[in-house]
$ cat input04.pdb   # PDB, C-alpha atoms, pLDDT in the B column
ATOM      1  CA  MET A   1     -16.750   1.526 -11.896  1.00 47.00           C
ATOM      2  CA  ASN A   2     -15.110   0.832  -8.543  1.00 82.00           C
ATOM      3  CA  TYR A   3     -12.536  -1.533 -10.030  1.00 86.00           C
ATOM      4  CA  ARG A   4     -10.893   1.303 -12.005  1.00 86.00           C
ATOM      5  CA  ILE A   5      -9.160   4.616 -11.360  1.00 90.00           C
ATOM      6  CA  ASN A   6     -10.166   7.544 -13.574  1.00 90.00           C
ATOM      7  CA  VAL A   7      -7.350   9.982 -14.365  1.00 91.00           C
ATOM      8  CA  TYR A   8      -8.096  13.659 -15.036  1.00 88.00           C
ATOM      9  CA  THR A   9      -5.955  16.496 -16.348  1.00 85.00           C
ATOM     10  CA  LEU A  10      -6.731  19.891 -14.805  1.00 84.00           C
ATOM     11  CA  ASP A  11      -5.842  23.228 -16.388  1.00 84.00           C
ATOM     12  CA  THR A  12      -5.362  24.784 -12.929  1.00 88.00           C
ATOM     13  CA  ILE A  13      -6.047  23.615  -9.391  1.00 85.00           C
ATOM     14  CA  PHE A  14      -9.312  25.559  -9.535  1.00 89.00           C
ATOM     15  CA  SER A  15     -10.472  24.040 -12.844  1.00 85.00           C
ATOM     16  CA  PRO A  16     -13.593  21.886 -12.861  1.00 86.00           C
ATOM     17  CA  PHE A  17     -13.211  18.212 -13.708  1.00 84.00           C
ATOM     18  CA  LYS A  18     -13.757  17.423 -17.376  1.00 86.00           C
ATOM     19  CA  GLU A  19     -13.822  14.031 -19.031  1.00 87.00           C
ATOM     20  CA  SER A  20     -11.231  11.608 -17.692  1.00 89.00           C
ATOM     21  CA  THR A  21      -8.119  11.291 -19.850  1.00 89.00           C
ATOM     22  CA  ARG A  22      -7.657   7.599 -19.055  1.00 90.00           C
ATOM     23  CA  SER A  23      -8.805   4.780 -16.818  1.00 90.00           C
ATOM     24  CA  LEU A  24      -6.407   2.565 -14.919  1.00 92.00           C
ATOM     25  CA  ILE A  25      -7.560  -1.037 -14.595  1.00 89.00           C
ATOM     26  CA  SER A  26      -5.503  -3.931 -13.327  1.00 89.00           C
ATOM     27  CA  PRO A  27      -4.710  -6.461 -16.060  1.00 87.00           C
ATOM     28  CA  ASN A  28      -6.523  -9.165 -14.070  1.00 84.00           C
ATOM     29  CA  ALA A  29      -9.688  -7.053 -13.646  1.00 84.00           C
ATOM     30  CA  ARG A  30      -9.614  -6.192 -17.357  1.00 81.00           C
ATOM     31  CA  GLN A  31      -9.354  -9.887 -18.231  1.00 82.00           C
ATOM     32  CA  MET A  32     -12.343 -10.741 -16.000  1.00 79.00           C
ATOM     33  CA  GLY A  33     -14.404  -7.809 -17.242  1.00 71.00           C
ATOM     34  CA  GLY A  34     -14.609  -5.925 -13.923  1.00 64.00           C
ATOM     35  CA  GLY A  35     -18.018  -4.837 -12.668  1.00 65.00           C
ATOM     36  CA  SER A  36     -19.379  -3.736  -9.306  1.00 62.00           C
ATOM     37  CA  GLU A  37     -19.244  -7.312  -7.945  1.00 68.00           C
ATOM     38  CA  SER A  38     -15.688  -7.840  -9.184  1.00 73.00           C
ATOM     39  CA  PRO A  39     -13.170  -9.269  -6.682  1.00 80.00           C
ATOM     40  CA  PHE A  40     -10.897  -6.485  -7.973  1.00 86.00           C
ATOM     41  CA  VAL A  41     -12.920  -3.699  -6.310  1.00 88.00           C
ATOM     42  CA  ILE A  42     -10.382  -1.089  -5.174  1.00 92.00           C
ATOM     43  CA  ASN A  43     -10.406  -0.457  -1.422  1.00 92.00           C
ATOM     44  CA  SER A  44      -7.679   2.186  -1.233  1.00 94.00           C
ATOM     45  CA  ILE A  45      -5.271   4.253  -3.331  1.00 96.00           C
ATOM     46  CA  LYS A  46      -2.109   6.125  -2.440  1.00 97.00           C
ATOM     47  CA  ILE A  47       0.349   8.239  -4.406  1.00 97.00           C
ATOM     48  CA  GLY A  48       3.941   8.624  -3.230  1.00 97.00           C
ATOM     49  CA  ARG A  49       7.568   8.142  -4.146  1.00 97.00           C
ATOM     50  CA  LEU A  50       9.064   4.643  -4.346  1.00 97.00           C
ATOM     51  CA  LEU A  51      12.839   4.846  -4.700  1.00 96.00           C
ATOM     52  CA  GLU A  52      13.293   7.245  -7.669  1.00 95.00           C
ATOM     53  CA  LYS A  53       9.768   7.100  -9.151  1.00 97.00           C
ATOM     54  CA  GLU A  54       6.420   8.587  -8.235  1.00 97.00           C
ATOM     55  CA  VAL A  55       3.882   5.760  -8.034  1.00 98.00           C
ATOM     56  CA  LEU A  56       0.157   5.246  -7.647  1.00 97.00           C
ATOM     57  CA  VAL A  57      -0.625   2.159  -5.544  1.00 98.00           C
ATOM     58  CA  THR A  58      -4.032   0.468  -5.350  1.00 96.00           C
ATOM     59  CA  VAL A  59      -5.175  -2.400  -3.130  1.00 95.00           C
ATOM     60  CA  SER A  60      -8.265  -4.468  -3.787  1.00 93.00           C
ATOM     61  CA  GLU A  61     -10.868  -6.684  -2.209  1.00 90.00           C
ATOM     62  CA  ASN A  62      -9.060  -9.851  -3.350  1.00 91.00           C
ATOM     63  CA  GLY A  63      -5.638  -8.691  -2.116  1.00 93.00           C
ATOM     64  CA  GLU A  64      -4.251  -7.549  -5.458  1.00 94.00           C
ATOM     65  CA  VAL A  65      -1.699  -4.730  -5.136  1.00 97.00           C
ATOM     66  CA  CYS A  66      -1.067  -2.689  -8.319  1.00 97.00           C
ATOM     67  CA  ILE A  67       1.802  -0.208  -8.648  1.00 98.00           C
ATOM     68  CA  TRP A  68       1.676   2.267 -11.558  1.00 97.00           C
ATOM     69  CA  LYS A  69       4.513   4.686 -12.374  1.00 97.00           C
ATOM     70  CA  THR A  70       2.821   8.078 -12.759  1.00 96.00           C
ATOM     71  CA  GLU A  71       5.307   9.189 -15.430  1.00 95.00           C
ATOM     72  CA  ASN A  72       3.875   6.569 -17.804  1.00 94.00           C
ATOM     73  CA  LEU A  73       0.340   5.480 -16.904  1.00 94.00           C
ATOM     74  CA  GLU A  74      -0.009   3.643 -20.228  1.00 93.00           C
ATOM     75  CA  GLU A  75       2.481   1.071 -18.971  1.00 95.00           C
ATOM     76  CA  PRO A  76       0.906  -1.935 -17.188  1.00 95.00           C
ATOM     77  CA  PRO A  77       1.207  -1.882 -13.391  1.00 96.00           C
ATOM     78  CA  PHE A  78       3.567  -4.033 -11.354  1.00 97.00           C
ATOM     79  CA  VAL A  79       1.236  -6.515  -9.616  1.00 96.00           C
ATOM     80  CA  LEU A  80       1.703  -8.185  -6.228  1.00 97.00           C
ATOM     81  CA  SER A  81      -0.636 -10.502  -4.332  1.00 94.00           C
ATOM     82  CA  ASN A  82      -1.641 -10.217  -0.681  1.00 92.00           C
ATOM     83  CA  ASP A  83      -4.203 -13.082  -0.816  1.00 84.00           C
ATOM     84  CA  GLU A  84      -6.793 -11.285   1.384  1.00 89.00           C
ATOM     85  CA  ALA A  85      -9.028  -8.189   1.262  1.00 91.00           C
ATOM     86  CA  THR A  86      -6.464  -5.400   1.578  1.00 94.00           C
ATOM     87  CA  TRP A  87      -7.081  -1.873   2.896  1.00 93.00           C
ATOM     88  CA  GLY A  88      -4.086   0.053   4.235  1.00 95.00           C
ATOM     89  CA  ILE A  89      -1.120   1.238   2.153  1.00 98.00           C
ATOM     90  CA  ALA A  90       2.206   2.705   3.299  1.00 98.00           C
ATOM     91  CA  ILE A  91       5.153   3.586   1.059  1.00 98.00           C
ATOM     92  CA  HIS A  92       8.711   4.303   2.175  1.00 97.00           C
ATOM     93  CA  ALA A  93      10.530   6.001  -0.698  1.00 95.00           C
ATOM     94  CA  ASP A  94      14.208   5.575   0.211  1.00 94.00           C
ATOM     95  CA  GLN A  95      13.962   2.075   1.693  1.00 96.00           C
ATOM     96  CA  GLY A  96      11.968   0.905  -1.351  1.00 96.00           C
ATOM     97  CA  LEU A  97       9.201  -0.633   0.767  1.00 98.00           C
ATOM     98  CA  ILE A  98       5.458  -0.966   0.272  1.00 98.00           C
ATOM     99  CA  ALA A  99       3.399  -2.167   3.227  1.00 98.00           C
ATOM    100  CA  VAL A 100      -0.236  -3.247   3.022  1.00 98.00           C
ATOM    101  CA  SER A 101      -2.676  -4.253   5.748  1.00 97.00           C
ATOM    102  CA  ALA A 102      -5.531  -6.670   5.406  1.00 93.00           C
ATOM    103  CA  ASN A 103      -8.579  -8.413   6.781  1.00 91.00           C
ATOM    104  CA  SER A 104      -6.269 -11.311   7.657  1.00 92.00           C
ATOM    105  CA  TYR A 105      -5.144  -9.180  10.659  1.00 95.00           C
ATOM    106  CA  LYS A 106      -1.641  -9.037   9.136  1.00 96.00           C
ATOM    107  CA  ILE A 107       0.618  -6.360   7.707  1.00 97.00           C
ATOM    108  CA  THR A 108       2.702  -7.445   4.723  1.00 98.00           C
ATOM    109  CA  VAL A 109       5.828  -5.477   3.825  1.00 98.00           C
ATOM    110  CA  PHE A 110       7.087  -5.940   0.266  1.00 98.00           C
ATOM    111  CA  ASN A 111      10.768  -5.183  -0.313  1.00 98.00           C
ATOM    112  CA  MET A 112      10.510  -3.633  -3.778  1.00 97.00           C
ATOM    113  CA  LEU A 113      14.256  -2.898  -3.824  1.00 95.00           C
ATOM    114  CA  GLU A 114      14.951  -6.643  -3.623  1.00 95.00           C
ATOM    115  CA  ILE A 115      11.953  -7.780  -5.707  1.00 97.00           C
ATOM    116  CA  THR A 116      13.030  -5.560  -8.635  1.00 96.00           C
ATOM    117  CA  LYS A 117      16.780  -6.067  -8.123  1.00 93.00           C
ATOM    118  CA  SER A 118      17.362  -7.683 -11.542  1.00 94.00           C
ATOM    119  CA  ASP A 119      15.232  -5.026 -13.302  1.00 95.00           C
ATOM    120  CA  PRO A 120      15.185  -1.858 -11.150  1.00 94.00           C
ATOM    121  CA  ILE A 121      12.064  -0.362 -12.731  1.00 95.00           C
ATOM    122  CA  PHE A 122      11.542   1.994  -9.762  1.00 96.00           C
ATOM    123  CA  GLY A 123      15.209   3.060  -9.616  1.00 92.00           C
ATOM    124  CA  SER A 124      17.653   2.703  -6.740  1.00 88.00           C
ATOM    125  CA  ARG A 125      18.269   4.211  -3.306  1.00 83.00           C
ATOM    126  CA  LYS A 126      19.318   7.875  -3.030  1.00 73.00           C
ATOM    127  CA  ASN A 127      22.580   6.871  -1.378  1.00 68.00           C
ATOM    128  CA  LYS A 128      24.042   4.721  -4.167  1.00 61.00           C
ATOM    129  CA  ARG A 129      26.614   3.201  -1.741  1.00 63.00           C
ATOM    130  CA  GLU A 130      23.757   1.604   0.220  1.00 68.00           C
ATOM    131  CA  GLN A 131      22.548  -1.088  -2.164  1.00 73.00           C
ATOM    132  CA  SER A 132      20.403  -2.913   0.394  1.00 84.00           C
ATOM    133  CA  ASN A 133      17.768  -1.711   2.847  1.00 93.00           C
ATOM    134  CA  MET A 134      16.562  -2.716   6.326  1.00 94.00           C
ATOM    135  CA  LEU A 135      15.090  -5.983   5.026  1.00 96.00           C
ATOM    136  CA  GLY A 136      18.259  -7.024   3.188  1.00 94.00           C
ATOM    137  CA  THR A 137      17.526  -9.924   0.819  1.00 95.00           C
ATOM    138  CA  GLN A 138      14.063 -10.699   2.231  1.00 97.00           C
ATOM    139  CA  THR A 139      11.453 -10.004  -0.437  1.00 97.00           C
ATOM    140  CA  LYS A 140       8.513  -9.957   1.986  1.00 97.00           C
ATOM    141  CA  ILE A 141       7.794 -10.047   5.714  1.00 98.00           C
ATOM    142  CA  GLU A 142       4.565 -10.321   7.699  1.00 97.00           C
ATOM    143  CA  LEU A 143       3.756  -8.564  10.954  1.00 98.00           C
ATOM    144  CA  ILE A 144       1.259 -10.630  12.955  1.00 97.00           C
ATOM    145  CA  GLY A 145      -0.461  -9.734  16.224  1.00 95.00           C
ATOM    146  CA  HIS A 146      -3.607  -7.685  15.648  1.00 95.00           C
ATOM    147  CA  GLU A 147      -6.915  -9.385  16.461  1.00 94.00           C
ATOM    148  CA  ASN A 148      -9.054  -7.667  13.807  1.00 94.00           C
ATOM    149  CA  ASN A 149      -8.845  -5.812  10.493  1.00 93.00           C
ATOM    150  CA  ILE A 150      -6.150  -3.146  10.079  1.00 94.00           C
ATOM    151  CA  PRO A 151      -7.423  -0.215   7.996  1.00 94.00           C
ATOM    152  CA  ASN A 152      -4.533   2.202   8.670  1.00 95.00           C
ATOM    153  CA  ILE A 153      -0.731   1.908   8.560  1.00 97.00           C
ATOM    154  CA  ASP A 154       2.232   4.209   7.959  1.00 97.00           C
ATOM    155  CA  PHE A 155       6.036   4.170   8.097  1.00 98.00           C
ATOM    156  CA  ASN A 156       8.119   6.452  10.275  1.00 97.00           C
ATOM    157  CA  GLU A 157      10.737   8.700   8.644  1.00 96.00           C
ATOM    158  CA  THR A 158      13.529   6.077   8.633  1.00 95.00           C
ATOM    159  CA  GLY A 159      11.354   3.171   7.477  1.00 96.00           C
ATOM    160  CA  GLN A 160      12.353   0.975  10.409  1.00 97.00           C
ATOM    161  CA  TYR A 161       8.998   1.325  12.153  1.00 98.00           C
ATOM    162  CA  ILE A 162       5.372   0.969  11.057  1.00 98.00           C
ATOM    163  CA  ALA A 163       2.425   2.355  13.016  1.00 97.00           C
ATOM    164  CA  SER A 164      -0.854   0.437  12.686  1.00 97.00           C
ATOM    165  CA  ALA A 165      -4.397   1.153  13.830  1.00 95.00           C
ATOM    166  CA  SER A 166      -6.809  -1.765  14.012  1.00 94.00           C
ATOM    167  CA  ILE A 167     -10.496  -2.353  14.584  1.00 93.00           C
ATOM    168  CA  ASP A 168      -9.310  -4.434  17.591  1.00 93.00           C
ATOM    169  CA  GLN A 169      -9.003  -0.982  19.243  1.00 92.00           C
ATOM    170  CA  THR A 170      -5.209  -1.042  19.420  1.00 94.00           C
ATOM    171  CA  CYS A 171      -2.514   1.089  17.863  1.00 95.00           C
ATOM    172  CA  ARG A 172       0.843  -0.598  17.567  1.00 96.00           C
ATOM    173  CA  ILE A 173       4.373   0.368  16.573  1.00 98.00           C
ATOM    174  CA  TRP A 174       6.297  -2.419  14.830  1.00 98.00           C
ATOM    175  CA  ASP A 175      10.052  -2.732  14.258  1.00 98.00           C
ATOM    176  CA  ILE A 176      10.299  -4.283  10.791  1.00 98.00           C
ATOM    177  CA  THR A 177      13.859  -5.538  11.415  1.00 97.00           C
ATOM    178  CA  THR A 178      12.688  -7.772  14.294  1.00 97.00           C
ATOM    179  CA  LYS A 179       8.999  -8.135  13.262  1.00 97.00           C
ATOM    180  CA  LYS A 180       8.086  -7.321  16.871  1.00 97.00           C
ATOM    181  CA  VAL A 181       5.726  -4.801  18.469  1.00 97.00           C
ATOM    182  CA  VAL A 182       7.727  -2.149  20.348  1.00 97.00           C
ATOM    183  CA  SER A 183       4.726  -0.148  21.599  1.00 96.00           C
ATOM    184  CA  ARG A 184       1.025  -0.885  21.986  1.00 95.00           C
ATOM    185  CA  THR A 185      -1.837   1.377  23.057  1.00 94.00           C
ATOM    186  CA  LYS A 186      -5.455   0.368  23.597  1.00 91.00           C
ATOM    187  CA  THR A 187      -8.011   2.939  22.511  1.00 79.00           C
ATOM    188  CA  VAL A 188     -11.066   3.821  24.561  1.00 72.00           C
ATOM    189  CA  ASP A 189     -13.569   0.962  24.665  1.00 64.00           C
ATOM    190  CA  ARG A 190     -16.869   2.272  23.334  1.00 61.00           C
ATOM    191  CA  ARG A 191     -19.053  -0.775  23.722  1.00 59.00           C
ATOM    192  CA  ASP A 192     -22.131   1.449  23.711  1.00 55.00           C
ATOM    193  CA  SER A 193     -21.193   2.634  20.184  1.00 56.00           C
ATOM    194  CA  PRO A 194     -22.732   0.725  17.263  1.00 51.00           C
ATOM    195  CA  HIS A 195     -19.610   1.457  15.167  1.00 53.00           C
ATOM    196  CA  ASP A 196     -16.192  -0.168  15.109  1.00 55.00           C
ATOM    197  CA  SER A 197     -13.247   1.905  16.335  1.00 51.00           C
ATOM    198  CA  TRP A 198     -10.992   3.045  13.521  1.00 52.00           C
TER
END
$ encode --input "input04.pdb" --output "structure tokens"
Amino acid sequence: MNYRINVYTLDTIFSPFKESTRSLISPNARQMGGGSESPFVINSIKIGRLLEKEVLVTVSENGEVCIWKTENLEEPPFVLSNDEATWGIAIHADQGLIAVSANSYKITVFNMLEITKSDPIFGSRKNKREQSNMLGTQTKIELIGHENNIPNIDFNETGQYIASASIDQTCRIWDITTKKVVSRTKTVDRRDSPHDSW
């Protein structure tokens, strides 16, 4: 069941869970039949705003990124490919950006404002006069420099910077307009610990 998301409707925040009202499955996982050994196993989920819509984003073991609009979960998700086991998710609402981090030691930033320009299914920017964002016409950029998997990422308030935490024991701040690291901190080396640093 780890290739699907079960959706529940609660009467109140204190209500117990009942039967799920629906299951969300990527179209590709549905076509392959899913299963516990499926390459579509979901590694992470995140709910947030993307431009004018609330979205649920999932990332999977094979790099598939699915974006569902929560207002209509019966609609198929918008699907992107990251080509590698993907773990971290960051969403910047006003810039229209989704960033994902992967086992390829890279962060990929998808410019959803540009990708959906001809069919703005997620809406437009709050400030209608600003039709582009910090990435302009680029549909995707990659931030490269970590030396191990990157389980955690997040945007700052403006969307210009992304913070990343890697198993390589570094935390980095990236400027997405230059694709460069602007700050880097090494965490405490715990070589006597049998666990990776997250």
$ axis_aligned_box --input "input04.pdb" --around "stretch 130-144 of chain A" --padding-each-side "3 Å" --output "lines of an AutoDock Vina configuration file"
center_x = 12.5
center_y = -4.5
center_z = 5.4
size_x = 28.5
size_y = 18.3
size_z = 21.1
$ resolve_selection --input "input04.pdb" --expression "the PyMOL selection byres ((chain A and resi 132) around 12)" --output "PyMOL selection string"
chain A and resi 51+94-97+111-117+124-131+133-139
$ residues_near_point --input "input04.pdb" --point "(-2.3, 2.2, 19.3)" --cutoff "10 Å" --atoms "all atoms listed in the file" --output "ChimeraX atom specification"
/A:163-166,168-173,183-187
$ atom_distance --input "input04.pdb" --atom1 "atom CA of A:Gly159" --atom2 "atom CA of A:Ser101"
16.0 Å
$ residues_near_point --input "input04.pdb" --point "(-9.5, -10.3, 9.8)" --cutoff "7 Å" --atoms "only C-alpha atoms" --output "JSON, numbers by chain"
{"A": [102, 103, 104, 105, 148, 149]}
$ closest_residue --input "input04.pdb" --among "A:Val55, A:Ile42, A:Asn6, A:Thr12" --to "A:Gly123" --atoms "only C-alpha atoms"
A:Val55
$ closest_residue --input "input04.pdb" --among "A:Lys180, A:Arg30, A:Lys106, A:Lys53" --to "A:Thr86" --atoms "all atoms listed in the file"
A:Lys106
$ resolve_selection --input "input04.pdb" --expression "the PyMOL selection byres ((chain A and resi 7) around 8)" --output "list of chain:residue names"
A:Ile5, A:Asn6, A:Tyr8, A:Thr9, A:Ser20, A:Thr21, A:Arg22, A:Ser23, A:Leu24
$ write_last_selection --input "input04.pdb" --atoms "C-alpha atoms" --output "PDB file, in the frame of the given file"
ATOM      1  CA  ILE A   5      -9.160   4.616 -11.360  1.00 90.00           C
ATOM      2  CA  ASN A   6     -10.166   7.544 -13.574  1.00 90.00           C
ATOM      3  CA  TYR A   8      -8.096  13.659 -15.036  1.00 88.00           C
ATOM      4  CA  THR A   9      -5.955  16.496 -16.348  1.00 85.00           C
ATOM      5  CA  SER A  20     -11.231  11.608 -17.692  1.00 89.00           C
ATOM      6  CA  THR A  21      -8.119  11.291 -19.850  1.00 89.00           C
ATOM      7  CA  ARG A  22      -7.657   7.599 -19.055  1.00 90.00           C
ATOM      8  CA  SER A  23      -8.805   4.780 -16.818  1.00 90.00           C
ATOM      9  CA  LEU A  24      -6.407   2.565 -14.919  1.00 92.00           C
TER      10      LEU A  24
END
$ resolve_selection --input "input04.pdb" --expression "the PyMOL selection byres ((chain A and resi 68) around 6)" --output "list in words"
Val55, Leu56, Ile67, Lys69 and Pro77 of chain A
$ write_last_selection --input "input04.pdb" --atoms "C-alpha atoms" --output "PDB file, in the frame of the given file"
ATOM      1  CA  VAL A  55       3.882   5.760  -8.034  1.00 98.00           C
ATOM      2  CA  LEU A  56       0.157   5.246  -7.647  1.00 97.00           C
ATOM      3  CA  ILE A  67       1.802  -0.208  -8.648  1.00 98.00           C
ATOM      4  CA  LYS A  69       4.513   4.686 -12.374  1.00 97.00           C
ATOM      5  CA  PRO A  77       1.207  -1.882 -13.391  1.00 96.00           C
TER       6      PRO A  77
END
$ atom_distance --input "input04.pdb" --atom1 "atom CA of A:Thr158" --atom2 "atom CA of A:Val59"
23.7 Å
$ closest_residue --input "input04.pdb" --among "A:Ile45, A:Pro16, A:Leu50, A:Asn28" --to "A:Leu80" --atoms "all atoms listed in the file"
A:Asn28
$ atom_distance --input "input04.pdb" --atom1 "atom CA of A:Ile13" --atom2 "atom CA of A:Thr70"
18.2 Å
$ residues_around --input "input04.pdb" --residues "A:Phe155" --least-positions-apart "2" --cutoff "9 Å" --atoms "all atoms listed in the file" --output "list in words"
Ala90, Ile91, His92, Ala99, Ile153, Glu157, Thr158, Gly159, Gln160, Tyr161, Ile162 and Ala163 of chain A
$ write_last_selection --input "input04.pdb" --atoms "C-alpha atoms" --output "mmCIF file, in the frame of the given file"
data_model
loop_
_atom_site.group_PDB
_atom_site.id
_atom_site.type_symbol
_atom_site.label_atom_id
_atom_site.label_comp_id
_atom_site.auth_asym_id
_atom_site.auth_seq_id
_atom_site.Cartn_x
_atom_site.Cartn_y
_atom_site.Cartn_z
ATOM 1 C CA ALA A 90 2.206 2.705 3.299
ATOM 2 C CA ILE A 91 5.153 3.586 1.059
ATOM 3 C CA HIS A 92 8.711 4.303 2.175
ATOM 4 C CA ALA A 99 3.399 -2.167 3.227
ATOM 5 C CA ILE A 153 -0.731 1.908 8.560
ATOM 6 C CA GLU A 157 10.737 8.700 8.644
ATOM 7 C CA THR A 158 13.529 6.077 8.633
ATOM 8 C CA GLY A 159 11.354 3.171 7.477
ATOM 9 C CA GLN A 160 12.353 0.975 10.409
ATOM 10 C CA TYR A 161 8.998 1.325 12.153
ATOM 11 C CA ILE A 162 5.372 0.969 11.057
ATOM 12 C CA ALA A 163 2.425 2.355 13.016
#
$ decode --input "input04.pdb" --residues "stretch 70-77 of chain A" --atoms "all heavy atoms" --output "PDB file, in the first residue's frame"
ATOM      1  N   THR A  70      -5.894  19.779  -4.418  1.00  0.00           N
ATOM      2  CA  THR A  70      -6.742  19.236  -3.355  1.00  0.00           C
ATOM      3  C   THR A  70      -8.218  19.558  -3.555  1.00  0.00           C
ATOM      4  O   THR A  70      -9.072  18.869  -3.022  1.00  0.00           O
ATOM      5  CB  THR A  70      -6.301  19.719  -1.957  1.00  0.00           C
ATOM      6  OG1 THR A  70      -6.388  21.147  -1.910  1.00  0.00           O
ATOM      7  CG2 THR A  70      -4.887  19.267  -1.644  1.00  0.00           C
ATOM      8  N   GLU A  71      -8.527  20.581  -4.338  1.00  0.00           N
ATOM      9  CA  GLU A  71      -9.934  20.933  -4.569  1.00  0.00           C
ATOM     10  C   GLU A  71     -10.647  19.903  -5.436  1.00  0.00           C
ATOM     11  O   GLU A  71     -11.866  19.840  -5.454  1.00  0.00           O
ATOM     12  CB  GLU A  71     -10.052  22.323  -5.208  1.00  0.00           C
ATOM     13  CG  GLU A  71      -9.511  22.391  -6.624  1.00  0.00           C
ATOM     14  CD  GLU A  71      -9.479  23.795  -7.191  1.00  0.00           C
ATOM     15  OE1 GLU A  71      -9.415  24.756  -6.414  1.00  0.00           O
ATOM     16  OE2 GLU A  71      -9.491  23.918  -8.431  1.00  0.00           O
ATOM     17  N   ASN A  72      -9.882  19.096  -6.177  1.00  0.00           N
ATOM     18  CA  ASN A  72     -10.479  18.069  -7.031  1.00  0.00           C
ATOM     19  C   ASN A  72      -9.533  16.874  -7.111  1.00  0.00           C
ATOM     20  O   ASN A  72      -8.791  16.723  -8.084  1.00  0.00           O
ATOM     21  CB  ASN A  72     -10.783  18.622  -8.425  1.00  0.00           C
ATOM     22  CG  ASN A  72     -11.532  17.623  -9.285  1.00  0.00           C
ATOM     23  OD1 ASN A  72     -11.849  16.516  -8.842  1.00  0.00           O
ATOM     24  ND2 ASN A  72     -11.808  18.002 -10.515  1.00  0.00           N
ATOM     25  N   LEU A  73      -9.572  16.017  -6.113  1.00  0.00           N
ATOM     26  CA  LEU A  73      -8.669  14.865  -6.053  1.00  0.00           C
ATOM     27  C   LEU A  73      -9.034  13.772  -7.051  1.00  0.00           C
ATOM     28  O   LEU A  73      -8.255  12.842  -7.255  1.00  0.00           O
ATOM     29  CB  LEU A  73      -8.629  14.302  -4.637  1.00  0.00           C
ATOM     30  CG  LEU A  73      -7.992  15.224  -3.595  1.00  0.00           C
ATOM     31  CD1 LEU A  73      -8.161  14.647  -2.198  1.00  0.00           C
ATOM     32  CD2 LEU A  73      -6.532  15.482  -3.908  1.00  0.00           C
ATOM     33  N   GLU A  74     -10.199  13.879  -7.684  1.00  0.00           N
ATOM     34  CA  GLU A  74     -10.569  12.904  -8.715  1.00  0.00           C
ATOM     35  C   GLU A  74      -9.819  13.163 -10.017  1.00  0.00           C
ATOM     36  O   GLU A  74      -9.682  12.275 -10.852  1.00  0.00           O
ATOM     37  CB  GLU A  74     -12.079  12.947  -8.956  1.00  0.00           C
ATOM     38  CG  GLU A  74     -12.864  12.462  -7.754  1.00  0.00           C
ATOM     39  CD  GLU A  74     -14.361  12.623  -7.917  1.00  0.00           C
ATOM     40  OE1 GLU A  74     -14.828  12.936  -9.029  1.00  0.00           O
ATOM     41  OE2 GLU A  74     -15.071  12.429  -6.922  1.00  0.00           O
ATOM     42  N   GLU A  75      -9.328  14.370 -10.176  1.00  0.00           N
ATOM     43  CA  GLU A  75      -8.575  14.741 -11.370  1.00  0.00           C
ATOM     44  C   GLU A  75      -7.193  14.090 -11.325  1.00  0.00           C
ATOM     45  O   GLU A  75      -6.574  14.023 -10.257  1.00  0.00           O
ATOM     46  CB  GLU A  75      -8.434  16.271 -11.362  1.00  0.00           C
ATOM     47  CG  GLU A  75      -8.062  16.892 -12.663  1.00  0.00           C
ATOM     48  CD  GLU A  75      -8.085  18.412 -12.518  1.00  0.00           C
ATOM     49  OE1 GLU A  75      -9.185  18.979 -12.476  1.00  0.00           O
ATOM     50  OE2 GLU A  75      -6.990  19.007 -12.444  1.00  0.00           O
ATOM     51  N   PRO A  76      -6.684  13.595 -12.447  1.00  0.00           N
ATOM     52  CA  PRO A  76      -5.340  12.982 -12.436  1.00  0.00           C
ATOM     53  C   PRO A  76      -4.281  14.012 -12.027  1.00  0.00           C
ATOM     54  O   PRO A  76      -4.445  15.205 -12.274  1.00  0.00           O
ATOM     55  CB  PRO A  76      -5.117  12.533 -13.878  1.00  0.00           C
ATOM     56  CG  PRO A  76      -6.433  12.617 -14.547  1.00  0.00           C
ATOM     57  CD  PRO A  76      -7.293  13.552 -13.766  1.00  0.00           C
ATOM     58  N   PRO A  77      -3.193  13.566 -11.424  1.00  0.00           N
ATOM     59  CA  PRO A  77      -2.149  14.503 -11.016  1.00  0.00           C
ATOM     60  C   PRO A  77      -1.335  14.988 -12.217  1.00  0.00           C
ATOM     61  O   PRO A  77      -1.291  14.352 -13.266  1.00  0.00           O
ATOM     62  CB  PRO A  77      -1.273  13.659 -10.090  1.00  0.00           C
ATOM     63  CG  PRO A  77      -1.398  12.279 -10.651  1.00  0.00           C
ATOM     64  CD  PRO A  77      -2.839  12.178 -11.108  1.00  0.00           C
TER      65      PRO A  77
END
